[in-house]
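structure_18.cif (mmCIF, C-alpha atoms) appears below.
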```cif
data_query
loop_
_atom_site.label_atom_id
_atom_site.label_comp_id
_atom_site.auth_asym_id
_atom_site.auth_seq_id
_atom_site.Cartn_x
_atom_site.Cartn_y
_atom_site.Cartn_z
CA MET B 1 25.65 74.06 -27.00
CA GLU B 2 22.75 74.84 -29.31
CA TRP B 3 23.78 71.99 -31.63
CA LEU B 4 22.89 69.45 -28.92
CA TYR B 5 19.24 70.40 -29.23
CA MET B 6 16.96 69.33 -32.05
CA TYR B 7 13.68 70.94 -33.05
CA MET B 8 10.64 68.66 -32.91
CA PRO B 9 8.31 69.97 -35.64
CA ILE B 10 5.06 68.50 -34.27
CA ALA B 11 5.60 69.20 -30.56
CA GLY B 12 7.13 72.58 -31.43
CA MET B 13 10.01 72.39 -28.95
CA LYS B 14 13.70 71.60 -28.77
CA ILE B 15 14.92 68.35 -27.19
CA LEU B 16 18.42 67.20 -26.20
CA TRP B 17 18.99 64.70 -29.02
CA PRO B 18 21.91 62.76 -27.42
CA GLY B 19 19.46 61.96 -24.61
CA LEU B 20 17.07 60.42 -27.12
CA VAL B 21 19.91 58.42 -28.69
CA LEU B 22 20.90 57.18 -25.23
CA ILE B 23 17.34 56.09 -24.40
CA GLY B 24 17.12 54.26 -27.73
CA PHE B 25 20.47 52.61 -27.15
CA SER B 26 19.57 51.43 -23.64
CA VAL B 27 16.17 50.09 -24.59
CA GLY B 28 17.63 48.45 -27.69
CA THR B 29 20.30 46.72 -25.61
CA ILE B 30 17.96 45.50 -22.86
CA GLY B 31 15.06 44.68 -25.18
CA GLY B 32 17.30 42.67 -27.51
CA PHE B 33 18.68 40.69 -24.57
CA PHE B 34 15.41 40.01 -22.71
CA GLY B 35 13.02 39.95 -25.66
CA MET B 36 10.58 42.68 -24.77
CA GLY B 37 9.44 46.08 -25.93
CA GLY B 38 10.61 47.95 -22.87
CA ALA B 39 7.97 50.67 -22.68
CA TRP B 40 8.39 50.72 -18.88
CA MET B 41 11.95 51.97 -19.39
CA VAL B 42 11.29 54.66 -21.98
CA THR B 43 8.66 56.82 -20.28
CA PRO B 44 10.78 57.88 -17.23
CA GLY B 45 13.68 58.69 -19.59
CA LEU B 46 11.51 60.84 -21.87
CA ASN B 47 10.03 62.51 -18.83
CA ILE B 48 13.48 63.58 -17.63
CA LEU B 49 14.34 65.02 -21.05
CA GLY B 50 11.21 67.16 -20.86
CA PHE B 51 9.58 65.36 -23.76
CA PRO B 52 5.87 66.24 -23.97
CA MET B 53 3.97 63.34 -22.40
CA ALA B 54 1.12 63.69 -24.91
CA PHE B 55 3.51 62.21 -27.49
CA ALA B 56 5.36 59.78 -25.21
CA ILE B 57 3.30 56.59 -25.71
CA GLY B 58 2.96 56.88 -29.48
CA THR B 59 6.61 57.83 -29.98
CA ASP B 60 7.64 55.00 -27.71
CA MET B 61 5.42 52.56 -29.60
CA ALA B 62 6.84 53.45 -33.03
CA HIS B 63 10.37 53.28 -31.66
CA ILE B 64 9.67 49.84 -30.13
CA ALA B 65 8.34 48.57 -33.49
CA GLY B 66 11.48 49.66 -35.34
CA LYS B 67 13.80 48.47 -32.59
CA SER B 68 12.10 45.06 -32.38
CA MET B 69 12.42 44.76 -36.15
CA ILE B 70 16.20 45.22 -35.92
CA SER B 71 16.45 42.75 -33.01
CA THR B 72 14.16 40.19 -34.70
CA PHE B 73 16.30 40.46 -37.84
CA ARG B 74 19.39 39.52 -35.85
CA HIS B 75 17.70 36.87 -33.67
CA SER B 76 16.26 35.31 -36.81
CA LYS B 77 19.76 34.77 -38.21
CA PHE B 78 20.70 32.95 -35.01
CA GLY B 79 17.60 30.77 -35.45
CA ASN B 80 16.05 32.22 -32.29
CA VAL B 81 12.65 33.06 -33.82
CA ASP B 82 9.94 30.43 -34.11
CA TYR B 83 7.62 32.17 -36.56
CA LYS B 84 4.97 29.44 -36.43
CA LEU B 85 4.77 29.73 -32.66
CA GLY B 86 4.73 33.54 -32.90
CA PHE B 87 1.80 33.57 -35.34
CA ILE B 88 -0.18 31.03 -33.30
CA MET B 89 0.36 33.03 -30.12
CA ILE B 90 -0.89 36.21 -31.77
CA ILE B 91 -4.38 34.65 -31.94
CA GLY B 92 -4.49 34.00 -28.19
CA THR B 93 -2.84 37.32 -27.34
CA MET B 94 -5.38 39.35 -29.34
CA ALA B 95 -8.38 37.63 -27.78
CA GLY B 96 -6.86 37.83 -24.30
CA ILE B 97 -5.97 41.50 -24.54
CA GLU B 98 -9.48 42.36 -25.68
CA LEU B 99 -10.95 40.48 -22.71
CA GLY B 100 -8.48 42.07 -20.26
CA ALA B 101 -9.26 45.56 -21.57
CA GLN B 102 -13.02 44.89 -21.33
CA LEU B 103 -12.52 43.70 -17.76
CA VAL B 104 -10.80 46.97 -16.84
CA MET B 105 -13.61 48.99 -18.45
CA TYR B 106 -16.17 46.99 -16.48
CA LEU B 107 -14.28 47.52 -13.22
CA GLU B 108 -13.94 51.24 -14.00
CA LYS B 109 -17.70 51.51 -13.99
CA LEU B 110 -17.75 49.99 -10.51
CA GLY B 111 -15.24 52.44 -9.04
CA ASN B 112 -11.61 53.50 -8.96
CA VAL B 113 -9.76 50.68 -10.64
CA GLY B 114 -6.35 52.39 -10.88
CA THR B 115 -5.04 51.28 -7.51
CA VAL B 116 -6.31 47.72 -8.01
CA VAL B 117 -4.52 47.50 -11.35
CA ARG B 118 -1.27 48.90 -9.95
CA TRP B 119 -1.22 46.54 -6.97
CA SER B 120 -2.13 43.58 -9.20
CA TYR B 121 0.84 44.55 -11.34
CA VAL B 122 3.09 44.62 -8.25
CA VAL B 123 1.87 41.17 -7.12
CA LEU B 124 2.37 39.76 -10.61
CA LEU B 125 5.91 41.14 -10.84
CA MET B 126 6.69 39.73 -7.41
CA LEU B 127 5.42 36.31 -8.50
CA ILE B 128 7.48 36.41 -11.69
CA ALA B 129 10.64 37.43 -9.81
CA THR B 130 10.07 34.73 -7.16
CA MET B 131 9.47 32.12 -9.85
CA VAL B 132 12.66 33.09 -11.72
CA PHE B 133 14.83 32.97 -8.61
CA TYR B 134 13.26 29.73 -7.37
CA ASP B 135 13.87 28.25 -10.81
CA TYR B 136 17.52 29.28 -10.64
CA TYR B 137 17.89 27.79 -7.15
CA LYS B 138 16.32 24.51 -8.28
CA ALA B 139 18.44 24.32 -11.43
CA THR B 140 21.62 24.94 -9.44
CA LYS B 141 20.65 22.16 -7.03
CA LYS B 142 20.03 19.78 -9.94
CA LYS B 143 23.30 20.73 -11.56
CA ASN B 144 25.19 20.02 -8.37
CA ALA B 145 23.40 16.67 -8.13
CA GLY B 146 24.49 15.88 -11.69
CA GLU B 147 20.95 15.93 -13.17
CA VAL B 148 21.77 17.60 -16.46
CA GLY B 149 19.57 17.46 -19.59
CA GLU B 150 20.19 18.19 -23.27
CA HIS B 151 20.63 21.96 -22.76
CA GLY B 152 21.98 21.79 -19.19
CA ALA B 153 20.20 21.63 -15.84
CA GLU B 154 16.61 22.90 -15.67
CA GLY B 155 14.73 24.08 -12.60
CA ILE B 156 11.01 24.60 -13.15
CA THR B 157 9.61 22.31 -15.86
CA TRP B 158 5.86 22.98 -15.75
CA TYR B 159 5.77 22.78 -19.52
CA LYS B 160 6.43 19.03 -19.33
CA THR B 161 3.08 18.57 -17.58
CA LEU B 162 1.32 20.78 -20.13
CA HIS B 163 2.93 18.89 -23.02
CA LYS B 164 1.08 15.77 -21.82
CA ILE B 165 -2.12 17.35 -23.16
CA LYS B 166 -2.63 15.74 -26.55
CA ILE B 167 -5.68 17.57 -27.91
CA PRO B 168 -5.35 17.90 -31.71
CA PRO B 169 -4.04 19.61 -33.69
CA MET B 170 -0.56 18.62 -32.55
CA ILE B 171 2.02 21.00 -34.03
CA HIS B 172 5.77 20.67 -34.33
CA PHE B 173 7.69 23.87 -33.67
CA LYS B 174 10.96 23.39 -35.47
CA ALA B 175 12.99 26.29 -34.08
CA ALA B 176 11.75 25.77 -30.53
CA GLY B 177 12.33 22.03 -30.91
CA PHE B 178 9.17 20.48 -29.51
CA THR B 179 5.75 19.19 -30.52
CA CYS B 180 2.66 20.06 -28.56
CA SER B 181 -1.05 20.68 -28.86
CA ALA B 182 -1.73 24.04 -30.57
CA TRP B 183 -4.10 24.77 -27.69
CA ILE B 184 -1.21 25.13 -25.25
CA PRO B 185 0.39 28.22 -26.86
CA ILE B 186 -3.07 29.59 -27.70
CA GLY B 187 -4.23 29.11 -24.10
CA VAL B 188 -1.04 30.49 -22.55
CA SER B 189 -0.98 33.51 -24.87
CA PHE B 190 -4.65 34.09 -24.09
CA LEU B 191 -3.94 34.17 -20.34
CA THR B 192 -0.89 36.42 -20.71
CA GLY B 193 -2.98 38.59 -23.06
CA VAL B 194 -5.73 38.95 -20.45
CA LEU B 195 -3.13 40.02 -17.87
CA ALA B 196 -1.48 42.46 -20.31
CA GLY B 197 -4.86 43.94 -21.28
CA PHE B 198 -5.94 44.22 -17.67
CA LEU B 199 -2.68 45.86 -16.57
CA GLY B 200 -2.38 48.05 -19.69
CA ILE B 201 1.19 46.95 -20.35
CA GLY B 202 3.03 45.53 -23.31
CA GLY B 203 3.17 41.99 -22.08
CA GLY B 204 6.81 41.17 -22.83
CA LEU B 205 7.44 40.97 -19.10
CA ILE B 206 4.78 38.26 -18.82
CA ARG B 207 5.10 36.56 -22.21
CA MET B 208 8.82 35.88 -22.05
CA PRO B 209 8.68 33.81 -18.81
CA ALA B 210 5.43 32.18 -19.99
CA LEU B 211 7.18 31.03 -23.17
CA VAL B 212 9.93 29.49 -21.07
CA TYR B 213 8.06 27.94 -18.16
CA LEU B 214 4.66 27.07 -19.64
CA ILE B 215 5.34 26.46 -23.31
CA GLY B 216 8.81 25.01 -22.96
CA CYS B 217 10.86 27.27 -25.24
CA PRO B 218 14.59 27.43 -24.62
CA THR B 219 15.33 30.92 -23.22
CA HIS B 220 16.98 32.15 -26.44
CA ILE B 221 13.99 31.11 -28.59
CA ALA B 222 11.59 32.73 -26.10
CA VAL B 223 13.50 36.02 -26.44
CA GLY B 224 13.48 35.98 -30.26
CA THR B 225 9.86 34.84 -30.64
CA ASP B 226 8.57 37.42 -28.17
CA LEU B 227 10.39 40.18 -30.05
CA PHE B 228 8.72 39.04 -33.28
CA GLU B 229 5.33 39.45 -31.63
CA VAL B 230 6.27 42.87 -30.23
CA MET B 231 7.38 43.96 -33.72
CA ILE B 232 3.97 43.20 -35.28
CA SER B 233 2.00 44.77 -32.45
CA GLY B 234 4.30 47.81 -32.32
CA LEU B 235 3.80 48.57 -36.02
CA TYR B 236 0.05 48.56 -35.66
CA GLY B 237 0.42 50.64 -32.49
CA ALA B 238 2.56 53.18 -34.38
CA PHE B 239 -0.16 53.52 -37.02
CA THR B 240 -3.05 53.92 -34.61
CA TYR B 241 -1.24 56.38 -32.33
CA ALA B 242 -0.15 58.42 -35.35
CA LEU B 243 -3.81 58.54 -36.35
CA LYS B 244 -4.54 60.12 -32.98
CA GLY B 245 -1.75 62.63 -33.58
CA ARG B 246 0.38 61.27 -30.76
CA ILE B 247 3.69 60.62 -32.54
CA GLU B 248 6.74 62.85 -32.88
CA LEU B 249 8.36 61.20 -35.91
CA VAL B 250 11.70 63.00 -35.64
CA ALA B 251 12.18 61.68 -32.10
CA VAL B 252 11.33 58.15 -33.29
CA PHE B 253 14.11 58.24 -35.90
CA VAL B 254 16.66 59.70 -33.48
CA MET B 255 15.84 57.03 -30.86
CA LEU B 256 15.92 54.30 -33.51
CA THR B 257 19.44 55.28 -34.51
CA GLY B 258 20.62 54.62 -30.96
CA ALA B 259 18.48 51.49 -30.72
CA ALA B 260 20.08 50.04 -33.87
CA ILE B 261 23.43 49.84 -32.09
CA GLY B 262 21.95 48.74 -28.77
CA ALA B 263 19.85 46.01 -30.40
CA GLN B 264 22.98 44.48 -31.95
CA ILE B 265 24.77 44.43 -28.61
CA GLY B 266 21.77 43.00 -26.72
CA THR B 267 21.03 40.37 -29.33
CA ILE B 268 24.61 39.23 -29.88
CA ALA B 269 25.12 39.10 -26.09
CA THR B 270 22.45 36.34 -25.95
CA LYS B 271 24.84 34.19 -27.97
CA TYR B 272 27.42 34.30 -25.19
CA ALA B 273 24.99 34.19 -22.28
CA LYS B 274 23.65 31.04 -20.72
CA GLY B 275 19.87 30.79 -20.53
CA TYR B 276 19.94 31.19 -16.77
CA GLY B 277 22.15 34.29 -17.04
CA ILE B 278 19.36 35.89 -19.08
CA ARG B 279 16.67 34.62 -16.69
CA VAL B 280 18.35 35.88 -13.50
CA ALA B 281 19.10 39.33 -14.99
CA PHE B 282 15.47 39.41 -16.16
CA GLY B 283 14.32 38.55 -12.62
CA LEU B 284 16.38 41.41 -11.20
CA ALA B 285 14.94 43.84 -13.77
CA VAL B 286 11.41 42.72 -12.84
CA LEU B 287 12.20 43.18 -9.15
CA CYS B 288 13.48 46.74 -9.69
CA CYS B 289 10.45 47.53 -11.86
CA MET B 290 8.24 46.35 -8.98
CA ILE B 291 10.06 48.50 -6.41
CA SER B 292 9.78 51.54 -8.69
CA ILE B 293 5.99 51.03 -9.06
CA ILE B 294 5.59 50.77 -5.28
CA LEU B 295 7.59 53.98 -4.82
CA LYS B 296 5.49 55.73 -7.45
CA GLU B 297 2.29 54.57 -5.76
CA TYR B 298 3.47 56.33 -2.59
CA LYS B 299 4.40 59.48 -4.61
CA PHE B 300 8.19 59.03 -4.36
CA ASP B 301 8.50 59.96 -8.04
CA VAL B 302 12.18 60.93 -7.97
CA ALA B 303 13.23 57.75 -6.13
CA SER B 304 11.13 55.72 -8.57
CA ALA B 305 12.86 57.31 -11.59
CA VAL B 306 16.29 56.82 -9.97
CA ILE B 307 15.56 53.11 -9.43
CA ILE B 308 14.43 52.62 -13.03
CA LEU B 309 17.27 54.58 -14.59
CA GLY B 310 19.84 52.99 -12.26
CA THR B 311 18.56 49.52 -13.18
CA ILE B 312 18.71 50.35 -16.88
CA GLY B 313 22.28 51.62 -16.54
CA LEU B 314 23.53 48.59 -14.59
CA ILE B 315 21.82 46.02 -16.81
CA CYS B 316 23.21 47.76 -19.91
CA ILE B 317 26.73 47.56 -18.47
CA TYR B 318 26.19 43.87 -17.64
CA ILE B 319 24.97 43.09 -21.18
CA ILE B 320 27.76 45.09 -22.85
CA GLY B 321 30.26 43.22 -20.65
CA ILE B 322 28.89 39.84 -21.78
CA MET B 323 28.99 40.88 -25.43
CA VAL B 324 32.51 42.34 -25.34
CA ASN B 325 34.01 39.41 -23.37
CA GLY B 326 32.24 36.83 -25.55
CA ALA B 327 33.30 38.50 -28.79
CA ARG B 328 36.89 38.84 -27.58
CA GLU B 329 37.01 35.14 -26.65
CA GLU B 330 35.53 34.10 -29.98
CA LEU B 331 37.96 36.19 -32.01
CA ARG B 332 40.89 34.93 -29.95
CA ALA B 333 39.80 31.32 -30.47
CA LYS B 334 39.48 31.93 -34.22
CA LYS B 335 42.94 33.43 -34.34
CA LEU B 336 44.43 30.43 -32.52
CA ALA B 337 42.60 27.98 -34.80
CA LYS B 338 44.09 29.55 -37.95
CA PRO B 339 46.95 27.43 -39.38
CA VAL B 340 50.34 29.17 -39.21
CA THR B 341 51.78 29.82 -42.68
CA ALA B 342 55.51 30.52 -42.64
CA MET T 1 -1.33 30.99 -50.29
CA LYS T 2 -5.05 31.29 -49.50
CA LYS T 3 -4.31 30.43 -45.89
CA VAL T 4 -1.61 33.08 -45.67
CA ILE T 5 -3.91 35.75 -47.16
CA SER T 6 -6.76 34.87 -44.79
CA LEU T 7 -4.33 34.88 -41.84
CA LEU T 8 -2.98 38.31 -42.79
CA LEU T 9 -6.52 39.61 -43.31
CA SER T 10 -7.66 38.38 -39.91
CA ILE T 11 -4.58 39.93 -38.28
CA PHE T 12 -5.38 43.26 -39.90
CA ILE T 13 -9.03 43.12 -38.81
CA LEU T 14 -8.27 42.07 -35.25
CA ALA T 15 -5.19 44.23 -34.98
CA PRO T 16 -6.63 46.99 -32.73
CA SER T 17 -5.81 44.85 -29.72
CA PHE T 18 -2.18 44.62 -30.82
CA LEU T 19 -1.34 48.07 -29.58
CA TRP T 20 -1.87 46.86 -26.03
CA ALA T 21 0.65 44.13 -26.63
CA ALA T 22 3.23 46.73 -27.53
CA GLY T 23 2.76 48.70 -24.36
CA GLY T 24 -0.04 51.04 -25.30
CA GLY T 25 -2.63 52.26 -22.89
CA GLY T 26 -5.82 54.19 -23.43
CA ALA T 27 -5.54 57.55 -25.13
CA THR T 28 -7.62 60.60 -24.31
CA ASP T 29 -8.78 63.07 -26.95
CA ILE T 30 -6.54 66.08 -27.44
CA VAL T 31 -6.02 68.37 -30.39
CA VAL T 32 -2.47 69.33 -31.27
CA VAL T 33 -1.61 71.58 -34.18
CA ALA T 34 1.94 71.72 -35.47
CA ASP T 35 3.22 75.27 -35.94
CA THR T 36 4.30 75.29 -39.58
CA ARG T 37 5.09 79.04 -39.58
CA VAL T 38 8.48 78.49 -37.97
CA LEU T 39 9.52 75.77 -40.41
CA GLY T 40 11.27 76.43 -43.69
CA ASP T 41 10.36 74.52 -46.86
CA GLY T 42 11.48 70.93 -46.79
CA ILE T 43 10.67 67.56 -45.32
CA MET T 44 9.97 68.92 -41.81
CA LYS T 45 7.40 71.34 -43.20
CA TYR T 46 5.84 68.57 -45.31
CA PHE T 47 5.34 66.28 -42.30
CA ALA T 48 4.06 69.09 -40.09
CA THR T 49 1.57 70.14 -42.77
CA THR T 50 0.48 66.54 -43.37
CA TYR T 51 0.03 66.16 -39.61
CA ASN T 52 -2.30 69.19 -39.56
CA GLU T 53 -4.24 68.43 -42.71
CA ASP T 54 -4.36 64.68 -43.35
CA MET T 55 -3.96 62.46 -40.31
CA TRP T 56 -4.47 59.24 -42.29
CA MET T 57 -1.62 60.12 -44.60
CA PHE T 58 0.53 61.05 -41.61
CA ALA T 59 -0.28 57.73 -39.88
CA ALA T 60 0.55 55.81 -43.05
CA TRP T 61 3.86 57.67 -43.33
CA ALA T 62 4.61 57.00 -39.66
CA ALA T 63 4.07 53.23 -39.97
CA ILE T 64 5.79 52.89 -43.37
CA LEU T 65 8.78 55.06 -42.50
CA THR T 66 9.26 53.34 -39.14
CA ALA T 67 9.24 49.94 -40.82
CA CYS T 68 11.53 51.10 -43.65
CA TYR T 69 13.97 52.84 -41.31
CA GLY T 70 13.98 49.81 -39.00
CA ALA T 71 14.70 47.50 -41.94
CA PHE T 72 17.34 49.89 -43.32
CA LEU T 73 19.13 50.07 -39.98
CA GLY T 74 18.86 46.29 -39.63
CA VAL T 75 20.56 45.75 -42.99
CA ILE T 76 23.24 48.40 -42.37
CA MET T 77 24.05 47.04 -38.91
CA ASP T 78 24.09 43.51 -40.30
CA TYR T 79 26.68 44.57 -42.86
CA LEU T 80 28.79 46.37 -40.28
CA MET T 81 28.62 43.48 -37.80
CA SER T 82 29.64 41.00 -40.52
CA LYS T 83 32.91 42.95 -40.77
CA THR T 84 33.77 42.17 -37.15
CA GLY T 85 34.61 38.56 -37.96
CA LEU T 86 32.12 37.16 -35.45
CA ASP T 87 29.99 34.15 -36.30
CA LEU T 88 26.51 35.66 -36.34
CA LYS T 89 24.63 32.70 -37.78
CA SER T 90 24.96 30.00 -35.14
CA ARG T 91 24.90 29.70 -31.41
CA LYS T 92 24.77 26.96 -28.82
CA ILE T 93 21.80 26.83 -26.48
CA VAL T 94 23.08 26.23 -22.97
CA GLU T 95 20.65 26.92 -20.17
CA HIS T 96 22.83 26.41 -17.09
#
```
Starting from the file, lay out its structure as C-alpha cells.
Amino acid sequence: MEWLYMYMPIAGMKILWPGLVLIGFSVGTIGGFFGMGGAWMVTPGLNILGFPMAFAIGTDMAHIAGKSMISTFRHSKFGNVDYKLGFIMIIGTMAGIELGAQLVMYLEKLGNVGTVVRWSYVVLLMLIATMVFYDYYKATKKKNAGEVGEHGAEGITWYKTLHKIKIPPMIHFKAAGFTCSAWIPIGVSFLTGVLAGFLGIGGGLIRMPALVYLIGCPTHIAVGTDLFEVMISGLYGAFTYALKGRIELVAVFVMLTGAAIGAQIGTIATKYAKGYGIRVAFGLAVLCCMISIILKEYKFDVASAVIILGTIGLICIYIIGIMVNGAREELRAKKLAKPVTA
Amino acid sequence: MKKVISLLLSIFILAPSFLWAAGGGGATDIVVVADTRVLGDGIMKYFATTYNEDMWMFAAWAAILTACYGAFLGVIMDYLMSKTGLDLKSRKIVEH
C-alpha cells in the first residue's frame, strides 16, 4: 500500500494522498454550493491525516484560493458573480478586518481573550442559524398565504429598509439586480469584516447571509460574489503564508485536484437548488459548526471532529444528490424536446 | 484605466488584511528546513531548495502556481463539463 502515500518535500513526511483528494473534493463541493472558503472544514480533516499543523493554515489558504478560482469561474458563467459589488465590498472588508484584529490585540493585553472570542463565535453562529430558520419559516408562511414576489416568497427582507437610504453615490449592481447607496455594501462589509477579524475566521459564514439579508442579493448571486472575494483574499493569503514558510505546495496541488471536481458539483448544484434549499442547508451547517465548537471548548475533541466530518459527509451527499437529479431531469427534458426524425 | 490601476494598487497595499478574510489567523515564528538530502534531482528538489534559500521566490512560486493550477483546472473542467450536454450558461433564480 506504499503507493497510497505521497512524500511531502517541505514537511519531510509521507501523507495518505487519497485523503487529501477527499478533503479537497468535500470542501470544493460545499464551498461551491454555499459560497465560502471552508477553512473550518479543512483543519479537522488534515489533523486526522496526521498533516503537520504548522503547515495546515497556509496549505489550506492556498487550496482555498485555487478552489475559489475554479468555483468563481463556473459561477461567473451562470452570471452569479457581481464583480462591482465584490470590489466595493473588499474596501469595507479590509478596513473592518483590520479593526477587528486590532480589537483582539487590545483585548489580549487586558487578559485571556481566547474564551471570549470562542463564545462570541458560538453566539454569532447561533444567531445566524436562528435567523436562517426563522427566515425559512416566514417565507413558507408567506408562500402559503400566496404572497409571492418576482423570485418566489421571501421571509426576512431587512435589505428593503436599508435600500431606503439614498446617500450618494447610488450604484446599480447589474448582476445582483438592484440599485442602492454604495455606503450600504461598504458598511455591511465593514461590520462583517470587524466580526471576521475579531473571531479570526474567513468570514464566508458571515458574509454570505449578510449579502442576502442586509444587501439584498438573491442567494445565488451572494454565493458567487462571496467566492470571488474569497479568491482574492486567498491568493494574498497563500503568498504571505508561503513567505512565512507555512505552505506544503505538493499537498495544495493534490487537494486542488479533488476540489476541481467538487467545485463543479457544488456550483452546478446551485442551478438546480432553490435559494431557500441553499439557505436551510447552510443554516444546518452553521448549527453543526456551532455544536462542534462547544464540544471542543469542553475538550471533547473526538466528538467535535466526528460532528464536523459527519456534517461534511451528509451535506456532500445532499449536494451531489441535487446535482445528479437536476442534471438527469435536464438531460431527459432535452431528449424529449428533440424533434423525432424518422 | 487610471481608476483600475489605482484600485489594483490600493488593493495590493492594503492586502495584508485579506488573509484574515480567507480564514487565516495569527502565525507564530517557527523555522522549518526542508531536508533536500533525501530528494533526487528534479522539481521536488528545486522547490525544497528554494524554500530553504529564497523564501520570497518560494512565496512567488506558491501564489503564481496556485493561481495557474486553479485556472488550468477551471478550464479543463469547463471543457469536460461542456461535454455532458448540460446548459452551463443560464439558470433561473427561484428562492422558494
Can you turn the PyMOL selection byres ((chain T and resi 39) around 12) into a concrete residue list for this file, as an mmCIF file with C-alpha atoms, keeping the file's coordinate frame?
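File produced: result12.cif:
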```
data_model
loop_
_atom_site.group_PDB
_atom_site.id
_atom_site.type_symbol
_atom_site.label_atom_id
_atom_site.label_comp_id
_atom_site.auth_asym_id
_atom_site.auth_seq_id
_atom_site.Cartn_x
_atom_site.Cartn_y
_atom_site.Cartn_z
ATOM 1 C CA TYR B 7 13.680 70.940 -33.050
ATOM 2 C CA MET B 8 10.640 68.660 -32.910
ATOM 3 C CA PRO B 9 8.310 69.970 -35.640
ATOM 4 C CA ILE B 10 5.060 68.500 -34.270
ATOM 5 C CA GLY B 12 7.130 72.580 -31.430
ATOM 6 C CA MET B 13 10.010 72.390 -28.950
ATOM 7 C CA ALA T 34 1.940 71.720 -35.470
ATOM 8 C CA ASP T 35 3.220 75.270 -35.940
ATOM 9 C CA THR T 36 4.300 75.290 -39.580
ATOM 10 C CA ARG T 37 5.090 79.040 -39.580
ATOM 11 C CA VAL T 38 8.480 78.490 -37.970
ATOM 12 C CA GLY T 40 11.270 76.430 -43.690
ATOM 13 C CA ASP T 41 10.360 74.520 -46.860
ATOM 14 C CA GLY T 42 11.480 70.930 -46.790
ATOM 15 C CA ILE T 43 10.670 67.560 -45.320
ATOM 16 C CA MET T 44 9.970 68.920 -41.810
ATOM 17 C CA LYS T 45 7.400 71.340 -43.200
ATOM 18 C CA TYR T 46 5.840 68.570 -45.310
ATOM 19 C CA PHE T 47 5.340 66.280 -42.300
ATOM 20 C CA ALA T 48 4.060 69.090 -40.090
ATOM 21 C CA THR T 49 1.570 70.140 -42.770
#
```
Taking all atoms listed in the file into account, what are the residues of chain B at most 7 Å from chain T, put as a PDB file with C-alpha atoms, in the coordinates of the input?
```
ATOM      1  CA  PRO B   9       8.310  69.970 -35.640  1.00  0.00           C
ATOM      2  CA  ILE B  10       5.060  68.500 -34.270  1.00  0.00           C
ATOM      3  CA  ALA B  11       5.600  69.200 -30.560  1.00  0.00           C
ATOM      4  CA  GLY B  12       7.130  72.580 -31.430  1.00  0.00           C
ATOM      5  CA  GLY B  37       9.440  46.080 -25.930  1.00  0.00           C
ATOM      6  CA  ALA B  39       7.970  50.670 -22.680  1.00  0.00           C
ATOM      7  CA  ILE B  57       3.300  56.590 -25.710  1.00  0.00           C
ATOM      8  CA  MET B  61       5.420  52.560 -29.600  1.00  0.00           C
ATOM      9  CA  ALA B  62       6.840  53.450 -33.030  1.00  0.00           C
ATOM     10  CA  GLY B  66      11.480  49.660 -35.340  1.00  0.00           C
ATOM     11  CA  LYS B  67      13.800  48.470 -32.590  1.00  0.00           C
ATOM     12  CA  MET B  69      12.420  44.760 -36.150  1.00  0.00           C
ATOM     13  CA  ILE B  70      16.200  45.220 -35.920  1.00  0.00           C
ATOM     14  CA  PHE B  73      16.300  40.460 -37.840  1.00  0.00           C
ATOM     15  CA  LYS B  77      19.760  34.770 -38.210  1.00  0.00           C
ATOM     16  CA  PHE B  78      20.700  32.950 -35.010  1.00  0.00           C
ATOM     17  CA  MET B  94      -5.380  39.350 -29.340  1.00  0.00           C
ATOM     18  CA  ILE B  97      -5.970  41.500 -24.540  1.00  0.00           C
ATOM     19  CA  GLU B  98      -9.480  42.360 -25.680  1.00  0.00           C
ATOM     20  CA  HIS B 151      20.630  21.960 -22.760  1.00  0.00           C
ATOM     21  CA  GLY B 152      21.980  21.790 -19.190  1.00  0.00           C
ATOM     22  CA  ALA B 153      20.200  21.630 -15.840  1.00  0.00           C
ATOM     23  CA  ALA B 196      -1.480  42.460 -20.310  1.00  0.00           C
ATOM     24  CA  GLY B 197      -4.860  43.940 -21.280  1.00  0.00           C
ATOM     25  CA  GLY B 200      -2.380  48.050 -19.690  1.00  0.00           C
ATOM     26  CA  ILE B 201       1.190  46.950 -20.350  1.00  0.00           C
ATOM     27  CA  GLY B 202       3.030  45.530 -23.310  1.00  0.00           C
ATOM     28  CA  GLY B 203       3.170  41.990 -22.080  1.00  0.00           C
ATOM     29  CA  VAL B 230       6.270  42.870 -30.230  1.00  0.00           C
ATOM     30  CA  SER B 233       2.000  44.770 -32.450  1.00  0.00           C
ATOM     31  CA  GLY B 234       4.300  47.810 -32.320  1.00  0.00           C
ATOM     32  CA  LEU B 235       3.800  48.570 -36.020  1.00  0.00           C
ATOM     33  CA  TYR B 236       0.050  48.560 -35.660  1.00  0.00           C
ATOM     34  CA  GLY B 237       0.420  50.640 -32.490  1.00  0.00           C
ATOM     35  CA  ALA B 238       2.560  53.180 -34.380  1.00  0.00           C
ATOM     36  CA  PHE B 239      -0.160  53.520 -37.020  1.00  0.00           C
ATOM     37  CA  ALA B 242      -0.150  58.420 -35.350  1.00  0.00           C
ATOM     38  CA  LEU B 243      -3.810  58.540 -36.350  1.00  0.00           C
ATOM     39  CA  LEU B 249       8.360  61.200 -35.910  1.00  0.00           C
ATOM     40  CA  ALA B 260      20.080  50.040 -33.870  1.00  0.00           C
ATOM     41  CA  LYS B 271      24.840  34.190 -27.970  1.00  0.00           C
ATOM     42  CA  LYS B 274      23.650  31.040 -20.720  1.00  0.00           C
ATOM     43  CA  GLY B 275      19.870  30.790 -20.530  1.00  0.00           C
ATOM     44  CA  TYR B 276      19.940  31.190 -16.770  1.00  0.00           C
ATOM     45  CA  ALA B 327      33.300  38.500 -28.790  1.00  0.00           C
ATOM     46  CA  LEU B 331      37.960  36.190 -32.010  1.00  0.00           C
TER      47      LEU B 331
END
```
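The smallest atom-to-atom distance between Leu4 (chain B) and any of B:Tyr272, B:Phe55, B:Trp17, B:Tyr121, using only C-alpha atoms, is found for B:Trp17.
Taking CA of Gly326 (chain B) as the reference point, CA of Ile265 (chain B) is found at 11.1 Å.
When CA of Pro52 (chain B) is paired with CA of Leu295 (chain B), their separation reads 22.8 Å.
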Discussion item. With all atoms listed in the file as the counted atoms, please give the residues lying no more than 8 Å from Asp60 (chain B), apart from itself and same-chain residues fewer than 2 positions off, as number ranges by chain.
Written reply: B: 39, 42-43, 56-58, 62-64, 252
Discussion item. Once the PyMOL selection byres ((chain B and resi 122-128) around 12) is applied to the coordinates I shared, what remains selected? I want it as a ChimeraX atom specification.
Written reply: /B:115-121,129-135,192,195-196,198-199,203,205-210,212-213,279-280,282-297
